[in-house]
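Dropping start_16.cif in here (mmCIF, C-alpha atoms):
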```cif
data_final
loop_
_atom_site.label_atom_id
_atom_site.label_comp_id
_atom_site.auth_asym_id
_atom_site.auth_seq_id
_atom_site.Cartn_x
_atom_site.Cartn_y
_atom_site.Cartn_z
CA MET J 28 3.64 43.04 12.31
CA THR J 29 5.39 42.80 9.01
CA LYS J 30 8.66 41.01 8.46
CA LEU J 31 10.66 38.64 10.55
CA ALA J 32 12.73 40.55 13.11
CA ASN J 33 16.26 41.43 12.09
CA SER J 34 15.17 40.91 8.50
CA PRO J 35 15.07 43.96 6.28
CA ALA J 36 13.40 43.53 2.94
CA ALA J 37 16.83 42.81 1.45
CA LEU J 38 17.13 39.49 3.36
CA SER J 39 17.26 36.51 1.02
CA GLN J 40 14.52 33.90 1.05
CA LYS J 41 17.02 31.37 2.36
CA ASP J 42 17.86 33.63 5.35
CA LYS J 43 14.17 34.15 6.05
CA GLU J 44 13.59 30.39 6.09
CA LEU J 45 16.53 29.88 8.45
CA GLU J 46 15.19 32.56 10.77
CA PHE J 47 11.70 31.01 10.59
CA GLU J 48 13.14 27.58 11.51
CA ASN J 49 15.03 29.11 14.45
CA ILE J 50 11.85 30.74 15.76
CA LYS J 51 9.90 27.49 15.33
CA ARG J 52 12.57 25.55 17.21
CA ARG J 53 12.56 28.02 20.11
CA ILE J 54 8.77 27.98 20.40
CA HIS J 55 8.64 24.19 20.19
CA THR J 56 11.25 23.90 22.96
CA LYS J 57 9.28 26.32 25.14
CA LEU J 58 6.10 24.38 24.44
CA VAL J 59 7.68 21.09 25.58
CA ASP J 60 8.91 22.79 28.77
CA LYS J 61 5.50 24.34 29.40
CA LEU J 62 3.30 21.30 28.72
CA ASP J 63 1.63 19.71 31.72
CA LEU J 64 1.96 16.09 30.65
CA SER J 65 -0.60 14.84 33.17
CA ARG J 66 -3.10 17.37 31.82
CA VAL J 67 -2.29 16.40 28.22
CA GLY J 68 -3.11 12.77 29.03
CA GLU J 69 -6.65 13.76 30.03
CA LEU J 70 -7.42 15.41 26.69
CA GLU J 71 -7.94 13.82 23.31
CA GLY J 72 -7.94 14.64 19.62
CA GLU J 73 -9.21 18.04 18.55
CA VAL J 74 -9.77 19.23 22.13
CA LEU J 75 -6.09 18.69 22.90
CA ARG J 76 -5.01 20.31 19.64
CA ARG J 77 -7.13 23.42 20.39
CA GLU J 78 -5.67 23.70 23.88
CA ILE J 79 -2.10 23.42 22.60
CA ARG J 80 -2.84 25.89 19.78
CA LEU J 81 -3.72 28.53 22.38
CA VAL J 82 -0.43 27.86 24.18
CA VAL J 83 1.55 28.12 20.94
CA GLU J 84 -0.16 31.39 19.98
CA HIS J 85 0.65 32.80 23.41
CA LEU J 86 4.30 31.77 22.98
CA CYS J 87 4.33 33.54 19.60
CA ASP J 88 3.19 36.73 21.36
CA THR J 89 6.09 36.50 23.83
CA GLU J 90 8.73 36.14 21.10
CA ASP J 91 10.82 39.19 20.31
CA THR J 92 10.64 38.32 16.64
CA TYR J 93 7.48 39.55 14.90
CA LEU J 94 5.72 37.63 12.19
CA ASN J 95 3.04 38.68 9.77
CA ARG J 96 -0.29 36.88 9.95
CA ASN J 97 0.52 34.29 7.26
CA GLU J 98 3.90 33.48 8.80
CA ARG J 99 2.36 33.23 12.25
CA ASP J 100 -0.40 30.85 11.08
CA ARG J 101 2.16 28.71 9.27
CA LEU J 102 4.40 28.59 12.34
CA VAL J 103 1.52 27.55 14.62
CA GLU J 104 0.51 24.73 12.25
CA GLU J 105 4.07 23.47 11.89
CA VAL J 106 4.66 23.47 15.65
CA LEU J 107 1.41 21.51 16.11
CA ASP J 108 2.52 19.04 13.41
CA GLU J 109 5.85 18.59 15.19
CA THR J 110 4.02 18.01 18.47
CA PHE J 111 1.20 15.71 17.35
CA GLY J 112 1.99 14.51 13.87
CA LEU J 113 4.88 13.68 11.60
CA GLY J 114 6.43 17.13 11.26
CA PRO J 115 7.15 18.21 7.66
CA LEU J 116 5.44 15.05 6.36
CA GLU J 117 2.04 16.31 7.50
CA LEU J 118 1.93 18.80 4.63
CA LEU J 119 2.31 15.98 2.08
CA LEU J 120 -0.04 13.59 3.88
CA LYS J 121 -2.82 16.18 3.58
CA GLU J 122 -2.48 16.12 -0.23
CA PRO J 123 -4.94 13.53 -1.60
CA THR J 124 -3.35 13.62 -5.08
CA ILE J 125 -0.03 12.22 -3.80
CA SER J 126 0.22 8.43 -4.18
CA GLU J 127 3.79 7.92 -2.96
CA ILE J 128 6.27 9.86 -0.80
CA MET J 129 10.00 9.14 -1.13
CA ILE J 130 12.46 10.64 1.38
CA ASN J 131 16.11 10.28 0.32
CA GLY J 132 17.80 11.82 3.35
CA PRO J 133 16.61 14.98 5.13
CA LYS J 134 16.88 17.40 2.19
CA ASN J 135 15.54 15.40 -0.74
CA VAL J 136 11.84 14.60 -0.62
CA TYR J 137 10.05 13.40 -3.76
CA VAL J 138 6.41 12.51 -4.42
CA GLU J 139 4.50 10.67 -7.11
CA ARG J 140 1.50 12.61 -8.35
CA GLY J 141 -0.56 11.51 -11.34
CA GLY J 142 2.01 8.85 -12.20
CA CYS J 143 4.91 11.35 -12.37
CA LEU J 144 7.76 11.95 -9.91
CA GLU J 145 8.49 15.46 -8.69
CA LYS J 146 10.79 16.95 -6.08
CA THR J 147 9.12 18.95 -3.28
CA SER J 148 10.28 21.89 -1.20
CA VAL J 149 9.66 19.89 1.99
CA GLN J 150 12.81 19.32 4.05
CA PHE J 151 13.85 18.04 7.47
CA ARG J 152 16.38 19.96 9.55
CA ASP J 153 18.93 17.15 9.61
CA ASP J 154 19.31 13.37 9.99
CA LYS J 155 18.41 13.58 13.68
CA HIS J 156 15.12 15.35 12.92
CA LEU J 157 14.21 12.76 10.28
CA MET J 158 15.10 9.92 12.68
CA GLN J 159 12.75 11.40 15.30
CA ILE J 160 9.88 11.24 12.80
CA ILE J 161 10.86 7.68 11.77
CA ASP J 162 10.90 6.55 15.41
CA ARG J 163 7.46 8.08 15.88
CA ILE J 164 6.12 6.09 12.90
CA VAL J 165 7.63 2.68 13.70
CA SER J 166 7.07 2.79 17.47
CA LYS J 167 3.30 3.04 16.95
CA VAL J 168 3.27 -0.44 15.41
CA GLY J 169 5.73 -2.00 17.84
CA ARG J 170 8.71 -1.88 15.50
CA ARG J 171 12.13 -0.31 15.97
CA VAL J 172 14.91 1.06 13.75
CA ASP J 173 18.52 1.34 14.88
CA GLU J 174 22.00 0.22 13.86
CA VAL J 175 21.23 -3.34 14.96
CA CYS J 176 17.98 -3.42 12.96
CA PRO J 177 18.37 -0.77 10.23
CA MET J 178 15.32 -1.81 8.14
CA ALA J 179 11.64 -1.90 9.02
CA ASP J 180 8.15 -2.02 7.55
CA ALA J 181 5.38 -0.09 9.27
CA ARG J 182 2.09 1.65 8.53
CA LEU J 183 0.46 4.99 9.21
CA VAL J 184 -2.89 5.51 10.92
CA ASP J 185 -4.64 5.85 7.54
CA GLY J 186 -3.27 2.46 6.39
CA SER J 187 -0.45 3.80 4.20
CA ARG J 188 2.52 1.45 3.96
CA VAL J 189 5.94 2.64 5.18
CA ASN J 190 9.38 1.20 4.48
CA VAL J 191 12.42 2.55 6.33
CA ILE J 192 16.13 1.91 5.84
CA ILE J 193 18.77 3.91 7.69
CA PRO J 194 22.59 4.22 7.81
CA PRO J 195 24.89 2.36 7.64
CA LEU J 196 22.85 0.58 4.94
CA ALA J 197 21.49 3.82 3.44
CA LEU J 198 24.59 5.82 2.52
CA ASP J 199 22.95 9.24 2.06
CA GLY J 200 20.93 9.36 5.25
CA PRO J 201 17.68 7.78 6.48
CA THR J 202 15.45 6.74 3.58
CA VAL J 203 11.68 6.44 3.88
CA THR J 204 9.16 5.28 1.26
CA ILE J 205 5.45 5.76 1.95
CA ARG J 206 2.85 4.10 -0.27
CA ARG J 207 -0.33 6.08 0.23
CA PHE J 208 -3.65 4.27 0.59
CA GLY J 209 -5.53 6.88 2.53
CA SER J 210 -8.69 6.63 4.58
CA ASN J 211 -10.80 6.56 1.38
CA PRO J 212 -9.36 3.78 -0.79
CA LEU J 213 -10.19 3.66 -4.49
CA LYS J 214 -13.46 1.92 -5.17
CA LEU J 215 -14.67 -0.06 -8.15
CA GLU J 216 -16.28 3.03 -9.68
CA ASP J 217 -12.94 4.85 -9.52
CA LEU J 218 -11.13 2.03 -11.34
CA LEU J 219 -13.80 2.08 -14.05
CA ASN J 220 -13.58 5.86 -14.35
CA TYR J 221 -9.80 5.63 -14.72
CA LYS J 222 -10.30 2.93 -17.38
CA SER J 223 -8.16 0.51 -15.41
CA LEU J 224 -10.56 -2.28 -16.43
CA THR J 225 -13.91 -2.69 -18.19
CA PRO J 226 -17.44 -3.43 -16.90
CA GLU J 227 -17.23 -6.93 -18.49
CA MET J 228 -14.05 -7.67 -16.56
CA VAL J 229 -15.74 -6.52 -13.37
CA MET J 230 -18.71 -8.83 -14.04
CA LEU J 231 -16.38 -11.81 -14.38
CA LEU J 232 -14.32 -10.94 -11.28
CA GLU J 233 -17.45 -10.37 -9.20
CA GLY J 234 -18.80 -13.74 -10.30
CA ALA J 235 -15.46 -15.41 -9.57
CA MET J 236 -15.43 -14.05 -6.02
CA LYS J 237 -19.03 -15.09 -5.38
CA ALA J 238 -18.27 -18.58 -6.75
CA HIS J 239 -15.30 -18.91 -4.38
CA LEU J 240 -12.60 -19.15 -7.03
CA ASN J 241 -9.00 -18.78 -5.87
CA ILE J 242 -7.38 -15.70 -7.36
CA ILE J 243 -3.80 -14.44 -7.51
CA ILE J 244 -3.24 -10.78 -8.33
CA SER J 245 0.10 -10.39 -10.08
CA GLY J 246 1.97 -7.20 -10.88
CA GLY J 247 5.08 -5.11 -10.50
CA THR J 248 5.84 -2.59 -7.76
CA GLY J 249 3.28 0.22 -7.74
CA SER J 250 1.00 -1.50 -10.26
CA GLY J 251 -2.05 -1.36 -7.98
CA LYS J 252 -2.12 -4.94 -6.65
CA THR J 253 -3.28 -3.99 -3.15
CA THR J 254 -5.91 -1.62 -4.54
CA LEU J 255 -7.24 -4.44 -6.73
CA LEU J 256 -7.23 -6.86 -3.81
CA ASN J 257 -9.23 -4.41 -1.70
CA THR J 258 -11.67 -3.93 -4.59
CA LEU J 259 -12.17 -7.65 -5.20
CA SER J 260 -12.69 -8.24 -1.49
CA SER J 261 -15.76 -5.99 -1.66
CA PHE J 262 -17.55 -8.86 -3.45
CA ILE J 263 -17.06 -11.23 -0.49
CA SER J 264 -20.22 -12.01 1.44
CA ASN J 265 -20.61 -10.39 4.83
CA ASP J 266 -21.37 -13.86 6.23
CA ASP J 267 -17.86 -15.20 5.52
CA ARG J 268 -15.17 -15.38 8.19
CA ILE J 269 -12.06 -13.79 6.64
CA VAL J 270 -8.53 -14.09 8.00
CA THR J 271 -5.93 -11.67 6.60
CA ILE J 272 -2.17 -12.16 6.91
CA GLU J 273 0.23 -9.29 6.20
CA ASP J 274 3.74 -8.07 6.98
CA ALA J 275 2.40 -4.55 7.60
CA ALA J 276 -1.40 -4.39 7.83
CA GLU J 277 -2.67 -2.24 4.96
CA LEU J 278 -5.74 -4.04 3.63
CA GLN J 279 -8.98 -2.14 4.13
CA LEU J 280 -11.73 -4.73 3.97
CA GLN J 281 -15.29 -3.61 4.66
CA GLN J 282 -16.80 -6.84 6.01
CA ASP J 283 -17.77 -7.29 9.66
CA HIS J 284 -16.17 -10.67 10.38
CA ILE J 285 -12.44 -10.15 9.81
CA VAL J 286 -9.47 -11.45 11.80
CA ARG J 287 -6.32 -9.45 10.98
CA LEU J 288 -2.94 -11.07 11.60
CA GLU J 289 0.45 -9.40 11.21
CA THR J 290 3.94 -10.87 11.14
CA ARG J 291 6.50 -9.84 13.75
CA PRO J 292 10.25 -9.25 13.31
CA ALA J 293 12.82 -10.66 15.72
CA ASN J 294 13.64 -8.69 18.86
CA ILE J 295 17.06 -7.26 19.70
CA GLU J 296 18.26 -10.70 20.82
CA GLY J 297 17.17 -12.19 17.48
CA LYS J 298 14.23 -14.05 19.02
CA GLY J 299 10.45 -13.90 18.77
CA GLN J 300 10.11 -13.65 14.99
CA ILE J 301 6.73 -14.74 13.62
CA LYS J 302 6.77 -15.39 9.87
CA ALA J 303 3.89 -15.43 7.42
CA THR J 304 4.19 -19.21 7.10
CA ASP J 305 3.59 -19.53 10.87
CA LEU J 306 0.46 -17.39 10.60
CA VAL J 307 -0.87 -19.33 7.59
CA ARG J 308 -0.55 -22.62 9.46
CA ASN J 309 -2.14 -21.15 12.55
CA CYS J 310 -5.05 -19.55 10.70
CA LEU J 311 -6.06 -22.97 9.34
CA ARG J 312 -7.12 -23.78 12.93
CA MET J 313 -9.25 -20.62 13.10
CA ARG J 314 -12.09 -21.90 10.88
CA PRO J 315 -11.60 -19.35 8.07
CA ASP J 316 -13.97 -19.26 5.11
CA ARG J 317 -11.42 -17.28 3.14
CA ILE J 318 -7.73 -16.56 3.66
CA ILE J 319 -6.23 -13.38 2.24
CA ILE J 320 -2.45 -12.99 2.24
CA GLY J 321 -1.32 -9.47 1.48
CA GLU J 322 1.63 -10.77 -0.53
CA CYS J 323 3.20 -14.18 -1.06
CA ARG J 324 6.94 -13.71 -1.07
CA GLY J 325 8.43 -16.84 0.47
CA ALA J 326 7.83 -20.24 2.04
CA GLU J 327 4.24 -19.35 2.99
CA THR J 328 3.29 -19.82 -0.68
CA LEU J 329 3.20 -23.60 -0.35
CA ASP J 330 1.03 -23.38 2.77
CA MET J 331 -1.30 -20.99 0.96
CA LEU J 332 -1.66 -23.33 -2.03
CA GLN J 333 -2.33 -26.29 0.26
CA ALA J 334 -5.01 -24.24 2.06
CA MET J 335 -6.62 -23.41 -1.30
CA ASN J 336 -6.61 -27.14 -2.10
CA THR J 337 -8.13 -28.21 1.23
CA GLY J 338 -11.43 -26.41 1.46
CA HIS J 339 -10.48 -22.74 1.82
CA GLU J 340 -11.72 -21.74 -1.60
CA GLY J 341 -12.26 -18.12 -2.52
CA SER J 342 -8.86 -17.13 -1.14
CA LEU J 343 -6.77 -14.24 -2.44
CA THR J 344 -3.15 -13.19 -2.52
CA THR J 345 -0.74 -11.05 -4.54
CA CYS J 346 2.71 -11.69 -5.95
CA HIS J 347 5.35 -9.75 -7.87
CA ALA J 348 5.48 -10.71 -11.57
CA ASN J 349 5.16 -8.97 -14.93
CA THR J 350 2.93 -11.49 -16.75
CA PRO J 351 0.60 -14.35 -15.76
CA ARG J 352 3.16 -16.90 -16.99
CA ASP J 353 5.86 -15.17 -14.93
CA ALA J 354 3.54 -15.38 -11.91
CA ILE J 355 3.49 -19.18 -12.25
CA ALA J 356 7.29 -19.27 -12.39
CA ARG J 357 7.42 -17.00 -9.35
CA LEU J 358 5.11 -19.33 -7.41
CA GLU J 359 7.38 -22.26 -8.28
CA THR J 360 10.42 -20.35 -7.03
CA MET J 361 8.71 -19.46 -3.77
CA ILE J 362 7.61 -23.07 -3.21
CA MET J 363 11.24 -24.15 -3.58
CA MET J 364 12.14 -21.53 -0.95
CA ALA J 365 10.12 -23.62 1.51
CA GLY J 366 12.93 -26.17 1.37
CA PHE J 367 10.86 -29.04 -0.05
CA GLU J 368 12.38 -30.78 -3.05
CA LEU J 369 9.16 -31.45 -4.90
CA PRO J 370 9.27 -32.84 -8.44
CA VAL J 371 8.46 -30.11 -10.99
CA ARG J 372 5.30 -31.90 -12.14
CA ALA J 373 4.00 -32.29 -8.56
CA MET J 374 4.69 -28.64 -7.84
CA ARG J 375 2.91 -27.48 -10.98
CA GLN J 376 0.01 -29.83 -10.32
CA GLN J 377 -0.37 -28.22 -6.89
CA ILE J 378 -0.54 -24.76 -8.50
CA ALA J 379 -2.93 -25.87 -11.27
CA ASN J 380 -5.29 -27.49 -8.76
CA ALA J 381 -5.24 -24.53 -6.36
CA VAL J 382 -5.36 -21.39 -8.52
CA ASN J 383 -8.28 -20.59 -10.83
CA LEU J 384 -7.52 -17.09 -12.04
CA ILE J 385 -4.54 -14.78 -12.36
CA VAL J 386 -5.37 -11.07 -12.56
CA GLN J 387 -2.40 -9.20 -13.99
CA ALA J 388 -1.95 -5.52 -13.11
CA ASN J 389 0.65 -3.31 -14.75
CA ARG J 390 1.79 0.26 -14.39
CA MET J 391 2.01 1.42 -17.99
CA GLN J 392 4.29 4.01 -19.53
CA GLY J 393 3.46 7.49 -18.26
CA GLY J 394 1.72 6.24 -15.11
CA PRO J 395 -1.72 4.73 -15.96
CA ARG J 396 -2.46 1.43 -14.24
CA LYS J 397 -4.33 -1.25 -16.15
CA VAL J 398 -5.56 -4.79 -15.58
CA THR J 399 -3.69 -6.18 -18.59
CA HIS J 400 -4.78 -9.83 -18.32
CA ILE J 401 -7.47 -11.92 -16.71
CA THR J 402 -6.12 -15.42 -17.27
CA GLU J 403 -7.63 -18.76 -16.37
CA ILE J 404 -5.51 -21.73 -15.30
CA VAL J 405 -7.14 -24.63 -17.10
CA GLY J 406 -5.05 -27.60 -15.91
CA MET J 407 -1.99 -29.60 -16.91
CA GLU J 408 -0.72 -31.04 -20.19
CA GLN J 409 2.23 -33.30 -19.40
CA ASP J 410 4.54 -31.03 -17.32
CA THR J 411 3.11 -27.71 -18.50
CA ILE J 412 0.41 -25.62 -16.85
CA VAL J 413 -2.20 -24.67 -19.45
CA MET J 414 -3.48 -21.10 -19.30
CA GLN J 415 -5.88 -19.07 -21.42
CA ASP J 416 -6.47 -15.32 -21.55
CA ILE J 417 -10.12 -14.33 -21.19
CA PHE J 418 -9.59 -10.57 -21.33
CA LYS J 419 -6.47 -8.51 -22.01
CA PHE J 420 -5.23 -4.99 -22.69
CA VAL J 421 -3.28 -4.29 -25.88
CA GLN J 422 -1.10 -1.19 -25.91
CA GLU J 423 -1.13 0.75 -29.20
CA GLY J 424 1.34 3.50 -28.36
CA VAL J 425 1.53 6.69 -26.27
CA ASP J 426 -0.42 9.94 -26.38
CA GLU J 427 0.93 13.49 -26.52
CA ARG J 428 1.53 13.41 -22.75
CA GLY J 429 3.64 10.27 -23.00
CA ARG J 430 0.96 8.07 -21.43
CA ALA J 431 0.25 4.58 -22.77
CA VAL J 432 -2.95 4.17 -24.80
CA GLY J 433 -4.55 1.02 -26.17
CA HIS J 434 -7.67 -1.08 -26.00
CA PHE J 435 -9.20 -3.92 -23.98
CA VAL J 436 -10.21 -7.03 -25.86
CA ALA J 437 -12.31 -10.09 -25.15
CA THR J 438 -10.46 -13.06 -26.63
CA GLY J 439 -13.64 -15.01 -27.37
CA ILE J 440 -12.75 -17.78 -24.91
CA ARG J 441 -15.46 -18.88 -22.51
CA PRO J 442 -14.01 -19.85 -19.08
CA THR J 443 -14.19 -23.52 -18.09
CA PHE J 444 -15.48 -22.56 -14.62
CA MET J 445 -18.81 -21.20 -15.92
CA GLY J 446 -20.58 -24.17 -14.34
CA ARG J 447 -19.25 -23.16 -10.92
CA LEU J 448 -20.44 -19.61 -11.46
CA GLU J 449 -23.93 -20.74 -12.43
CA SER J 450 -24.20 -23.16 -9.50
CA SER J 451 -23.37 -20.18 -7.24
CA GLY J 452 -26.25 -18.18 -8.75
CA VAL J 453 -24.05 -16.10 -11.07
CA ARG J 454 -25.24 -16.01 -14.68
CA LEU J 455 -23.21 -14.01 -17.17
CA PRO J 456 -24.62 -13.39 -20.67
CA ALA J 457 -22.72 -15.18 -23.45
CA SER J 458 -22.08 -11.80 -25.10
CA VAL J 459 -19.64 -10.90 -22.30
CA PHE J 460 -17.06 -13.27 -23.80
CA ARG J 461 -17.72 -12.56 -27.49
CA GLU J 462 -14.46 -11.77 -29.30
CA ARG J 463 -14.25 -8.02 -29.81
CA VAL J 464 -12.62 -4.75 -28.75
CA MET J 465 -14.47 -3.77 -25.58
CA MET J 466 -13.11 -0.33 -24.73
CA ARG J 467 -10.29 2.03 -25.61
CA GLY J 468 -8.28 3.55 -22.83
#
```

Rewrite the structure of this file - the entire thing - as structure tokens.
Amino acid sequence: MTKLANSPAALSQKDKELEFENIKRRIHTKLVDKLDLSRVGELEGEVLRREIRLVVEHLCDTEDTYLNRNERDRLVEEVLDETFGLGPLELLLKEPTISEIMINGPKNVYVERGGCLEKTSVQFRDDKHLMQIIDRIVSKVGRRVDEVCPMADARLVDGSRVNVIIPPLALDGPTVTIRRFGSNPLKLEDLLNYKSLTPEMVMLLEGAMKAHLNIIISGGTGSGKTTLLNTLSSFISNDDRIVTIEDAAELQLQQDHIVRLETRPANIEGKGQIKATDLVRNCLRMRPDRIIIGECRGAETLDMLQAMNTGHEGSLTTCHANTPRDAIARLETMIMMAGFELPVRAMRQQIANAVNLIVQANRMQGGPRKVTHITEIVGMEQDTIVMQDIFKFVQEGVDERGRAVGHFVATGIRPTFMGRLESSGVRLPASVFRERVMMRG
């Protein structure tokens, strides 16, 4: 029970891996032939996995090729992953330190760990193998990927977000990007421990949520917008009826009374598409206390702002922008995408009346994620939206590891919505807003 059969010690590692893959393929084929599908349907979860494990171990015993104990255990696990899970991806999905998985064709798999990209040894056999795993992912959420529809968004069981694009659009083979959220999303304590924001900022955001202020979380790709949205939602009362609208459901709210809505792409005939704007309009008839849109990226922005202006206060959404001022410009652009030719002043008045706070998240140099601005929208002066920073992060430089370092400051400005906070039972000490450096990080 030592080496792989036909493999003297002189065999290269590459040859050993090829032989291992051949054995795994043979055993997996035998397993599929041997499985009693009607019996499999009666079993669930761990019971089914234990039953199949016994079958796989028996098939290993019948193979002419001998494996040592470590190789045998690895083979059994990989065959089970191929049968029940996502094949080679399972190894990466079990790693809690990985925040993003990027598959650039079957042989190039990268991950983000601790804010840094690194190539892994994980590989798929070929394009066909990778496509089988992709089909397994997208079919579970009622999506499809083929030459007619070569792009799709989906999600994993743990809530992680998946984007897929395949040939002919992806020139080097099927490409998959998985944004990990995991079954245990980051909590407020984690963000404080990572120095993503300060206790004073948390006090203000908690008060803003309890006072039903409308908040937009702005940031670039991978800046932590969804994590922040999940965290802020924890301050929502359990008595509120919340309706969430997403392209691929990934929010992990903890309240009891939640209605989750998800957009739908067109079918193969190009019919049946349900857009976010359709869901926003429909949810207004569902008596929501709060509306949460995973991301505003098009015509639904105008509907969202109108909802915020017509009694659905305390609503939340995210948008892609690098600064709070850029977020305003982005909202204007998305309103114009709705096809309405509103005068600039009317459009900006709509934004100023609807949005109370912009929370800016940024992924800094070297990987750390910070809430760089908490900015209040005060109102209008002529045709300009007036904004004021309450808290912000100032970068000083980078440390020896190349990671951004700086400090959080309170600007000394007291928000104009303090009356709303106090009428909601939220009283913040005046010292919270005193001009000073609050924390280095």

| query | Looking at only C-alpha atoms, which of J:Asn349, J:Thr271, J:Thr328, J:Thr344 is the one that sits closest to Phe367 (chain J)? | reply |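 Among the listed residues, J:Thr328 lies closest to Phe367 (chain J).
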
| task | Would you kindly translate the PyMOL selection byres ((chain J and resi 378) around 12) into the concrete residues it picks from this file, as a PyMOL selection string? | result | chain J and resi 241-243+328-336+354-362+371-377+379-385+404-407+410-414

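Shortest separation to Thr258 (chain J) among J:Glu98, J:Glu48, J:Asp217, J:Glu403 occurs at residue J:Asp217, atoms counted being all atoms listed in the file.
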
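Going from CA of Arg396 (chain J) over to CA of Thr438 (chain J), you cover 20.7 Å.
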
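Comparing the minimum interatomic distances between Leu116 (chain J) and each of J:Val203, J:Ile192, J:Val82, J:Val172, counting only C-alpha atoms, we find that J:Val203 sits nearest.
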
| query | Which is closest to Met236 (chain J) among J:Asn135, J:Gln415, J:Ser342, J:Thr110, if we use only C-alpha atoms? | reply | J:Ser342

| remark: Taken to one decimal, the CA of Phe418 (chain J)-CA of Ala431 (chain J) distance is 18.1 Å

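Residue selection for this entry, given the PyMOL selection byres ((chain J and resi 282) around 10), comprises Ser260, Ser261, Phe262, Ile263, Ser264, Asn265, Asp266, Asp267, Arg268, Ile269, Gln279, Leu280, Gln281, Asp283, His284 and Ile285 of chain J.
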
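Relative to CA of Val398 (chain J), CA of Val191 (chain J) is found at 29.3 Å.
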
| Counting only C-alpha atoms, which of J:Gly468, J:Ile164, J:Asp185, J:Met178 gets nearest to Leu219 (chain J)? | J:Gly468

| said: Please determine, counting only C-alpha atoms, which residue among J:Leu81, J:Val168, J:Ile205, J:Gly249 has the shortest atom-to-atom distance to Val136 (chain J). | reply: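 Answer, going by the shortest atom-to-atom distance: J:Ile205.
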
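Near (-2.7, -7.3, 0.1), the residues that fall inside 10 Å on the basis of only C-alpha atoms are Ile244, Lys252, Thr253, Thr254, Leu255, Leu256, Asn257, Thr271, Ile272, Glu273, Asp274, Ala275, Ala276, Glu277, Leu278, Gln279, Ile319, Ile320, Gly321, Glu322, Cys323, Leu343, Thr344, Thr345 and Cys346 of chain J.
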
Please write the residues from the selection above to a file, keeping C-alpha atoms, as a compact mmCIF listing (two decimals), keeping the file's coordinate frame.
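Saved file again-v4.txt follows:
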```txt
# COMPACT_ATOMS: atom_id res chain seq x y z
CA ILE J 244 -3.24 -10.78 -8.33
CA LYS J 252 -2.12 -4.94 -6.65
CA THR J 253 -3.28 -3.99 -3.15
CA THR J 254 -5.91 -1.62 -4.54
CA LEU J 255 -7.24 -4.44 -6.73
CA LEU J 256 -7.23 -6.86 -3.81
CA ASN J 257 -9.23 -4.41 -1.70
CA THR J 271 -5.93 -11.67 6.60
CA ILE J 272 -2.17 -12.16 6.91
CA GLU J 273 0.23 -9.29 6.20
CA ASP J 274 3.74 -8.07 6.98
CA ALA J 275 2.40 -4.55 7.60
CA ALA J 276 -1.40 -4.39 7.83
CA GLU J 277 -2.67 -2.24 4.96
CA LEU J 278 -5.74 -4.04 3.63
CA GLN J 279 -8.98 -2.14 4.13
CA ILE J 319 -6.23 -13.38 2.24
CA ILE J 320 -2.45 -12.99 2.24
CA GLY J 321 -1.32 -9.47 1.48
CA GLU J 322 1.63 -10.77 -0.53
CA CYS J 323 3.20 -14.18 -1.06
CA LEU J 343 -6.77 -14.24 -2.44
CA THR J 344 -3.15 -13.19 -2.52
CA THR J 345 -0.74 -11.05 -4.54
CA CYS J 346 2.71 -11.69 -5.95
```

| task | Determine, counting only C-alpha atoms, which protein, DNA and RNA residues have an atom within 10 Å of an atom of Ser451 (chain J); residues of the same chain fewer than 6 positions away are not included. Present the result as a list of chain:residue names. | result |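 With the cut-off at 10 Å, the set is J:Gly234, J:Ala235, J:Lys237, J:Ala238, J:His239, J:Met445.
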